[in-house]
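Participant: For reference, this is entry-v8.txt, and it has compact mmCIF, C-alpha atoms and all ligand atoms.
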# COMPACT_ATOMS: atom_id res chain seq x y z
CA MET L 15 0.00 0.00 0.00
CA ALA L 16 1.33 3.45 -0.89
CA ALA L 17 2.59 5.56 2.01
CA ASP L 18 0.09 8.14 3.19
CA SER L 19 1.61 11.40 1.97
CA THR L 20 -0.56 13.39 4.39
CA ALA L 21 0.82 11.60 7.49
CA LEU L 22 2.32 14.04 9.96
CA PRO L 23 5.97 13.61 10.90
CA PRO L 24 6.67 13.74 14.64
CA ALA L 25 6.71 17.37 15.84
CA SER L 26 10.23 16.97 17.13
CA ALA L 27 11.61 15.38 13.96
CA ALA L 28 15.40 15.66 14.10
CA GLY L 29 16.80 18.47 12.01
CA VAL L 30 13.44 20.20 11.56
CA PRO L 31 13.63 23.87 12.59
CA ARG L 32 11.07 24.90 15.21
CA HIS L 33 10.83 28.41 13.78
CA VAL L 34 11.29 29.28 10.12
CA ALA L 35 11.40 32.92 8.97
CA ILE L 36 11.10 33.71 5.26
CA VAL L 37 11.79 36.82 3.17
CA MET L 38 9.47 36.03 0.28
CA ASP L 39 11.28 37.87 -2.51
CA GLY L 40 11.12 37.74 -6.30
CA ASN L 41 7.44 38.17 -7.10
CA GLY L 42 8.03 41.20 -9.32
CA ARG L 43 10.79 39.54 -11.36
CA TRP L 44 8.68 36.38 -11.71
CA ALA L 45 5.88 38.46 -13.22
CA ARG L 46 8.22 40.49 -15.44
CA ARG L 47 9.60 37.30 -16.97
CA ARG L 48 6.04 36.56 -18.03
CA PHE L 49 5.50 40.10 -19.37
CA MET L 50 2.87 40.59 -16.68
CA PRO L 51 2.38 43.40 -14.14
CA ARG L 52 4.11 42.97 -10.78
CA ILE L 53 0.84 42.39 -8.94
CA PHE L 54 0.43 39.18 -10.97
CA GLY L 55 3.57 37.89 -9.23
CA HIS L 56 2.20 38.89 -5.83
CA LYS L 57 -1.02 36.94 -6.53
CA TYR L 58 0.98 33.81 -7.35
CA GLY L 59 3.14 34.53 -4.33
CA MET L 60 0.04 34.29 -2.15
CA GLU L 61 -0.66 30.78 -3.49
CA THR L 62 2.91 29.89 -2.53
CA VAL L 63 2.29 31.14 1.01
CA VAL L 64 -0.65 28.77 1.43
CA ARG L 65 1.38 25.87 0.00
CA VAL L 66 4.34 26.58 2.30
CA ILE L 67 2.04 26.80 5.34
CA ASP L 68 0.72 23.31 4.51
CA GLU L 69 4.24 21.97 3.97
CA CYS L 70 5.52 23.44 7.25
CA THR L 71 2.56 21.90 9.09
CA ARG L 72 3.33 18.50 7.53
CA ARG L 73 6.98 18.73 8.58
CA GLY L 74 6.21 19.60 12.22
CA VAL L 75 7.43 23.21 12.16
CA GLU L 76 5.90 25.13 15.09
CA PHE L 77 6.38 28.75 13.98
CA LEU L 78 6.51 30.23 10.48
CA THR L 79 7.13 33.96 10.11
CA ILE L 80 6.75 35.50 6.65
CA TYR L 81 7.77 38.94 5.47
CA ALA L 82 4.81 40.22 3.47
CA PHE L 83 5.24 44.01 3.51
CA SER L 84 8.19 45.92 4.91
CA SER L 85 8.27 49.35 6.53
CA GLU L 86 10.13 50.41 3.38
CA ASN L 87 7.71 48.93 0.83
CA TRP L 88 5.60 52.14 0.98
CA LYS L 89 8.23 53.50 -1.44
CA ARG L 90 6.71 51.41 -4.24
CA PRO L 91 4.29 52.88 -6.80
CA ASP L 92 0.83 53.62 -5.39
CA GLU L 93 -0.69 51.06 -7.71
CA GLU L 94 1.49 48.26 -6.36
CA VAL L 95 0.95 49.27 -2.72
CA SER L 96 -2.83 49.36 -3.13
CA GLY L 97 -2.67 46.05 -5.01
CA LEU L 98 -0.80 44.49 -2.09
CA MET L 99 -3.28 45.91 0.44
CA ASN L 100 -6.13 44.52 -1.64
CA LEU L 101 -4.44 41.10 -1.70
CA VAL L 102 -4.66 41.03 2.11
CA LEU L 103 -8.45 41.35 1.85
CA VAL L 104 -8.64 38.75 -0.93
CA GLY L 105 -6.31 36.36 0.91
CA VAL L 106 -8.21 36.55 4.20
CA SER L 107 -11.60 36.01 2.56
CA LYS L 108 -10.29 33.20 0.34
CA TYR L 109 -8.06 31.22 2.71
CA LEU L 110 -8.85 32.07 6.33
CA ALA L 111 -11.51 29.39 6.86
CA ARG L 112 -9.30 26.68 5.37
CA LEU L 113 -6.24 27.64 7.37
CA ALA L 114 -8.28 27.94 10.55
CA GLY L 115 -9.73 24.47 9.89
CA ASN L 116 -6.19 23.12 9.63
CA GLY L 117 -5.35 24.38 13.11
CA VAL L 118 -3.19 27.30 11.96
CA ARG L 119 -2.89 30.20 14.35
CA ILE L 120 -2.38 33.53 12.57
CA ARG L 121 -0.65 36.49 14.15
CA VAL L 122 0.36 39.77 12.57
CA ALA L 123 3.52 41.71 13.46
CA GLY L 124 4.01 45.28 12.34
CA ASP L 125 2.72 48.80 12.66
CA ARG L 126 -1.02 48.49 12.14
CA SER L 127 -1.67 52.18 12.77
CA ALA L 128 -0.54 53.07 9.25
CA VAL L 129 -2.78 50.67 7.31
CA SER L 130 -6.40 51.26 6.28
CA ASP L 131 -9.31 50.30 8.52
CA ARG L 132 -10.28 47.51 6.13
CA VAL L 133 -6.83 45.94 6.16
CA ARG L 134 -6.60 46.32 9.95
CA GLN L 135 -10.00 44.65 10.34
CA ALA L 136 -8.97 41.78 8.05
CA TRP L 137 -5.87 41.13 10.17
CA ASN L 138 -7.87 41.44 13.39
CA GLU L 139 -10.39 38.92 12.04
CA ALA L 140 -7.62 36.47 11.04
CA GLU L 141 -6.10 36.67 14.52
CA GLU L 142 -9.42 36.49 16.32
CA CYS L 143 -10.75 33.56 14.33
CA THR L 144 -7.60 31.45 14.89
CA ARG L 145 -6.65 32.48 18.42
CA ASP L 146 -7.54 29.13 20.03
CA ASN L 147 -5.77 27.04 17.39
CA THR L 148 -2.78 25.01 18.52
CA GLY L 149 -1.16 24.07 15.21
CA LEU L 150 1.45 26.00 13.23
CA THR L 151 1.70 29.64 14.34
CA VAL L 152 2.00 31.77 11.21
CA THR L 153 3.15 35.33 11.86
CA VAL L 154 2.63 37.69 8.95
CA ALA L 155 5.11 40.55 9.16
CA PHE L 156 3.16 43.40 7.63
CA ASN L 157 4.29 46.99 7.66
CA TYR L 158 7.07 45.46 9.71
CA GLY L 159 10.68 46.53 10.10
CA GLY L 160 13.27 45.16 12.49
CA ARG L 161 14.22 48.68 13.55
CA TRP L 162 10.57 49.57 14.12
CA ASP L 163 10.28 46.46 16.29
CA ILE L 164 13.26 47.39 18.47
CA VAL L 165 11.96 50.95 18.93
CA GLN L 166 8.40 49.84 19.73
CA ALA L 167 9.77 47.30 22.24
CA CYS L 168 11.79 50.05 23.97
CA LYS L 169 8.74 52.32 24.06
CA ARG L 170 6.54 49.61 25.53
CA ALA L 171 9.16 48.68 28.10
CA ILE L 172 9.38 52.31 29.19
CA ALA L 173 5.58 52.54 29.30
CA ASP L 174 5.60 49.42 31.54
CA GLY L 175 7.84 51.27 33.97
CA VAL L 176 11.03 49.35 33.17
CA THR L 177 14.00 51.40 34.32
CA ALA L 178 17.42 51.56 32.65
CA ASP L 179 18.81 49.33 35.40
CA GLN L 180 16.07 46.75 34.87
CA LEU L 181 16.43 46.65 31.09
CA THR L 182 18.05 43.38 30.02
CA GLU L 183 18.05 41.39 26.79
CA GLY L 184 15.35 39.17 28.27
CA VAL L 185 13.15 42.10 29.24
CA LEU L 186 13.47 43.67 25.80
CA SER L 187 12.76 40.31 24.12
CA ARG L 188 9.52 40.10 26.04
CA HIS L 189 8.45 43.41 24.50
CA MET L 190 9.38 42.52 20.92
CA ALA L 191 6.60 41.79 18.45
CA LEU L 192 7.36 38.04 18.42
CA ALA L 193 7.70 37.64 22.19
CA TYR L 194 5.51 34.51 22.02
CA ALA L 195 7.93 32.63 19.73
CA PRO L 196 11.44 31.26 20.16
CA ASP L 197 14.02 33.02 17.96
CA PRO L 198 14.03 31.75 14.36
CA ASP L 199 16.24 28.72 13.75
CA LEU L 200 16.23 29.03 9.98
CA PHE L 201 16.07 32.25 7.95
CA ILE L 202 15.27 31.73 4.27
CA ARG L 203 15.42 34.40 1.57
CA THR L 204 14.23 33.60 -1.94
CA GLY L 205 14.85 35.72 -5.05
CA GLY L 206 18.66 35.76 -5.10
CA GLU L 207 19.40 38.83 -2.98
CA VAL L 208 21.75 38.20 -0.07
CA ARG L 209 20.51 40.70 2.48
CA VAL L 210 18.20 40.95 5.44
CA SER L 211 16.22 44.06 4.36
CA ASN L 212 15.24 45.05 7.91
CA PHE L 213 13.56 41.73 8.82
CA LEU L 214 13.70 40.46 12.44
CA LEU L 215 17.04 42.16 13.20
CA TRP L 216 16.89 41.36 16.91
CA GLN L 217 15.56 37.82 16.60
CA ILE L 218 17.93 36.38 13.95
CA ALA L 219 21.07 36.83 16.05
CA TYR L 220 21.77 33.07 15.81
CA ALA L 221 19.50 31.95 12.97
CA GLU L 222 21.01 29.80 10.24
CA LEU L 223 20.84 31.78 6.99
CA TYR L 224 19.78 30.20 3.69
CA PHE L 225 19.59 32.08 0.40
CA THR L 226 18.21 30.72 -2.85
CA ASP L 227 17.84 32.15 -6.35
CA CYS L 228 14.39 30.52 -6.59
CA LEU L 229 11.77 33.25 -7.04
CA TRP L 230 9.07 33.13 -4.38
CA PRO L 231 6.15 32.08 -6.66
CA ASP L 232 8.26 29.04 -7.73
CA PHE L 233 9.10 28.00 -4.15
CA ASP L 234 7.61 24.59 -3.39
CA ALA L 235 7.96 21.47 -1.23
CA ALA L 236 11.19 20.44 -2.97
CA GLU L 237 12.72 23.88 -2.36
CA LEU L 238 11.67 23.73 1.28
CA ASP L 239 13.30 20.30 1.56
CA LYS L 240 16.56 21.76 0.17
CA ALA L 241 16.47 24.54 2.75
CA PHE L 242 15.74 22.07 5.57
CA ALA L 243 18.52 19.74 4.36
CA ALA L 244 20.98 22.66 4.43
CA TYR L 245 19.77 23.52 7.93
CA ALA L 246 20.12 19.93 9.14
CA SER L 247 23.73 19.87 7.91
CA ARG L 248 24.76 22.94 9.92
CA GLU L 249 26.42 22.74 13.29
CA ARG L 250 24.92 25.38 15.56
CA ARG L 251 27.42 26.51 18.13
CA PHE L 252 25.99 29.68 19.66
CA GLY L 253 29.52 30.83 20.40
CA ALA L 254 30.75 27.59 21.95
CA VAL L 255 33.56 25.40 20.64
CA PRO L 256 32.85 22.98 17.76
CA ALA L 257 31.56 19.55 18.75
CA ALA L 258 34.43 17.07 19.13
CA ALA L 259 34.90 14.69 16.20
CA PRO L 260 34.29 10.99 17.05
CA ALA L 261 37.33 9.49 18.77
CA SER L 262 37.96 7.09 15.86
CA SER L 263 38.42 10.02 13.43
CA GLN L 264 40.86 11.89 15.65
CA PRO L 265 44.42 11.86 14.31
CA ALA L 266 46.73 9.80 16.51
CA SER L 267 48.76 12.05 18.79
CA ALA L 268 52.45 12.26 17.91
C1 LIG L 301 8.62 40.44 -2.63
O1 LIG L 301 8.71 40.44 -4.01
C2 LIG L 301 7.23 40.75 -2.17
C3 LIG L 301 7.08 42.07 -1.54
C4 LIG L 301 8.06 42.89 -1.27
C5 LIG L 301 5.74 42.44 -1.18
P1 LIG L 301 9.18 41.73 -4.77
O2 LIG L 301 7.99 42.53 -5.16
O3 LIG L 301 10.20 42.48 -4.00
O4 LIG L 301 9.82 41.10 -6.08
P2 LIG L 301 11.14 41.57 -6.82
O5 LIG L 301 12.24 41.55 -5.82
O6 LIG L 301 10.88 42.95 -7.35
O7 LIG L 301 11.31 40.57 -7.91
C1 LIG L 302 11.93 42.51 1.36
O1 LIG L 302 11.96 42.50 -0.02
C2 LIG L 302 10.53 42.76 1.84
C3 LIG L 302 9.57 41.68 1.65
C4 LIG L 302 9.82 40.51 1.12
C5 LIG L 302 8.24 41.96 2.15
P1 LIG L 302 12.31 43.81 -0.83
O2 LIG L 302 12.24 43.44 -2.28
O3 LIG L 302 11.45 44.95 -0.41
O4 LIG L 302 13.80 44.11 -0.38
P2 LIG L 302 14.94 44.96 -1.08
O5 LIG L 302 14.35 46.30 -1.43
O6 LIG L 302 15.36 44.21 -2.33
O7 LIG L 302 16.05 45.02 -0.08
MG MG L 303 12.21 42.38 -3.91
How does the structure come out when it is put into structure tokens?

Facilitator:
Amino acid sequence: MAADSTALPPASAAGVPRHVAIVMDGNGRWARRRFMPRIFGHKYGMETVVRVIDECTRRGVEFLTIYAFSSENWKRPDEEVSGLMNLVLVGVSKYLARLAGNGVRIRVAGDRSAVSDRVRQAWNEAEECTRDNTGLTVTVAFNYGGRWDIVQACKRAIADGVTADQLTEGVLSRHMALAYAPDPDLFIRTGGEVRVSNFLLWQIAYAELYFTDCLWPDFDAAELDKAFAAYASRERRFGAVPAAAPASSQPASA
């Protein structure tokens, strides 16, 4: 009998990152190669998001954080910005019920004060409707910037009465937008650029970085497997000494 491809791997499968953060880049170039407007690439990119959420769930990932709109993306033409805002409304109405039914918990990180009421309501609805779910936590970074996050965390800490003496890395972490999640283990950027572009600056201090030329709309299960295989092959040291090689492979002492 054929193996059940929908079977869930154990949540703690060895080598599977608990928290994956993705800079979903390359939508515009994907569209341009097809002589289509950039928003066409963003629409396909949204299908990729849903596919990657399913694949992360199947692999036992606990947290997936995706960069959907940066603090800097307001610099794009009005038409593209409004197209992206509209895609939020389309995406929530098209996919929310299905994702919620699959146990996905949606959270949104970013400055919501600058987006329209309709977009804010769509994000609020997505969070509200999935708040009791216990499956994959998907954080959509929207109007998000790593520098914004650090500043808002400082402001909230001050508002909470934290004094300079009391401010520690742990205290600041608890005020960051992703305080509910462990730091990302694996940072993926598609689209060929090798930069961070103001994503999760505080949280990726010790993430393993993986860059691929694959454009985001083309990213699929096989590409995710490649990223996970690269991750599984890394030795994470967090500043400590490398793990000792097995005794049998040690050169004999002179
Ligand atoms: C990333 O794709 C998606 C967003 C920034 C919203 P881009 O739109 O940056 O695509 P490229 O980099 O121009 O190809
Ligand atoms: C980063 O991609 C932002 C998102 C994926 C949402 P950009 O395309 O905006 O980054 P830069 O401008 O190439 O650094
Ligand atoms: Mg880009």

Participant: Nearest to Val66 (chain L) among L:Pro51, L:Gly253, L:Pro91, L:Pro231, with distances taken over only C-alpha atoms: which residue is it?

Facilitator: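 Distance minimum relative to Val66 (chain L) lands on L:Pro231.
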
Participant: At most 7 Å is the cut-off: for each residue in chain L with any atom that close to an atom of ligand LIG 301 (chain L), write down the nearest atom pair and the distance in Å rounded to one decimal, counting only C-alpha atoms and all ligand atoms, chain first then increasing number, as CSV.

Facilitator:
residue,atom,partner,partner_atom,distance
L:Met38,CA,L:LIG301,C1,5.4
L:Asp39,CA,L:LIG301,C1,3.7
L:Gly40,CA,L:LIG301,O7,3.3
L:Asn41,CA,L:LIG301,O4,3.9
L:Gly42,CA,L:LIG301,O7,3.6
L:Arg43,CA,L:LIG301,O7,3.6
L:Trp44,CA,L:LIG301,O7,6.2
L:Arg52,CA,L:LIG301,O2,6.8
L:His56,CA,L:LIG301,C2,6.5
L:Ala82,CA,L:LIG301,C5,5.2
L:Phe83,CA,L:LIG301,C5,5.0
L:Ser84,CA,L:LIG301,C4,6.9
L:Asn87,CA,L:LIG301,C4,6.4
L:Leu98,CA,L:LIG301,C5,6.9
L:Gly205,CA,L:LIG301,O5,6.4

Participant: Smallest atom-to-atom distance to Gly29 (chain L): which of L:Ser247, L:Thr144, L:Ser211, L:Ser187, using all atoms listed in the file?

Facilitator: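 Smallest separation from Gly29 (chain L) among the options: L:Ser247.
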
Participant: Using all atoms listed in the file, determine which residues lie at most 8 Å from region 177-186 of chain L, disregarding the query and same-chain residues fewer than 5 positions distant; provide the list as a VMD selection string.

Facilitator: chain L and resid 167 to 168 171 to 172

Participant: Could you pull the residues within 10 Å of Leu150 (chain L), counting only C-alpha atoms, minus those fewer than 4 positions along the same chain, as a list in words?

Facilitator: Arg32, His33, Ile67, Asp68, Cys70, Thr71, Arg72, Gly74, Val75, Glu76, Phe77, Leu78, Leu113, Asn116, Gly117, Val118, Arg119 and Ile120 of chain L

Participant: One decimal, in Å: what's the spacing between CA of Ala221 (chain L) and CA of Leu200 (chain L)?

Facilitator: 5.3 Å

Participant: Show me as an NGL selection string the residues that reach within 8 Å of (5.2, 44.8, 12.3), counting only C-alpha atoms and using the file's own coordinates.

Facilitator: :L and (85 or 122-126 or 155-159 or 162-163 or 191)

Participant: Identify the residues within 10 Å of coordinate (23.7, 33.4, 7.4) (same frame as the file), considering only C-alpha atoms, and give the answer as an NGL selection string.

Facilitator: :L and (200-202 or 208-210 or 218-225)

Participant: Enter the distance from CA of Lys240 (chain L) to CA of Gly115 (chain L), in Å, rounded to one decimal.

Facilitator: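 If I compute the distance from CA of Lys240 (chain L) to CA of Gly115 (chain L), I get 28.2 Å.
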
Participant: Choose the residue, out of L:Val37, L:Ile53, L:Val95, L:Val106, that has the smallest atom-to-atom separation from ligand MG 303 (chain L); count all atoms listed in the file.

Facilitator: L:Val37

Participant: Using all atoms listed in the file, pick whichever of L:Asp227, L:Glu139, L:Glu69, L:Asp239 has the shortest atom-to-atom distance to ligand MG 303 (chain L).

Facilitator: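 The closest residue to ligand MG 303 (chain L) is L:Asp227.
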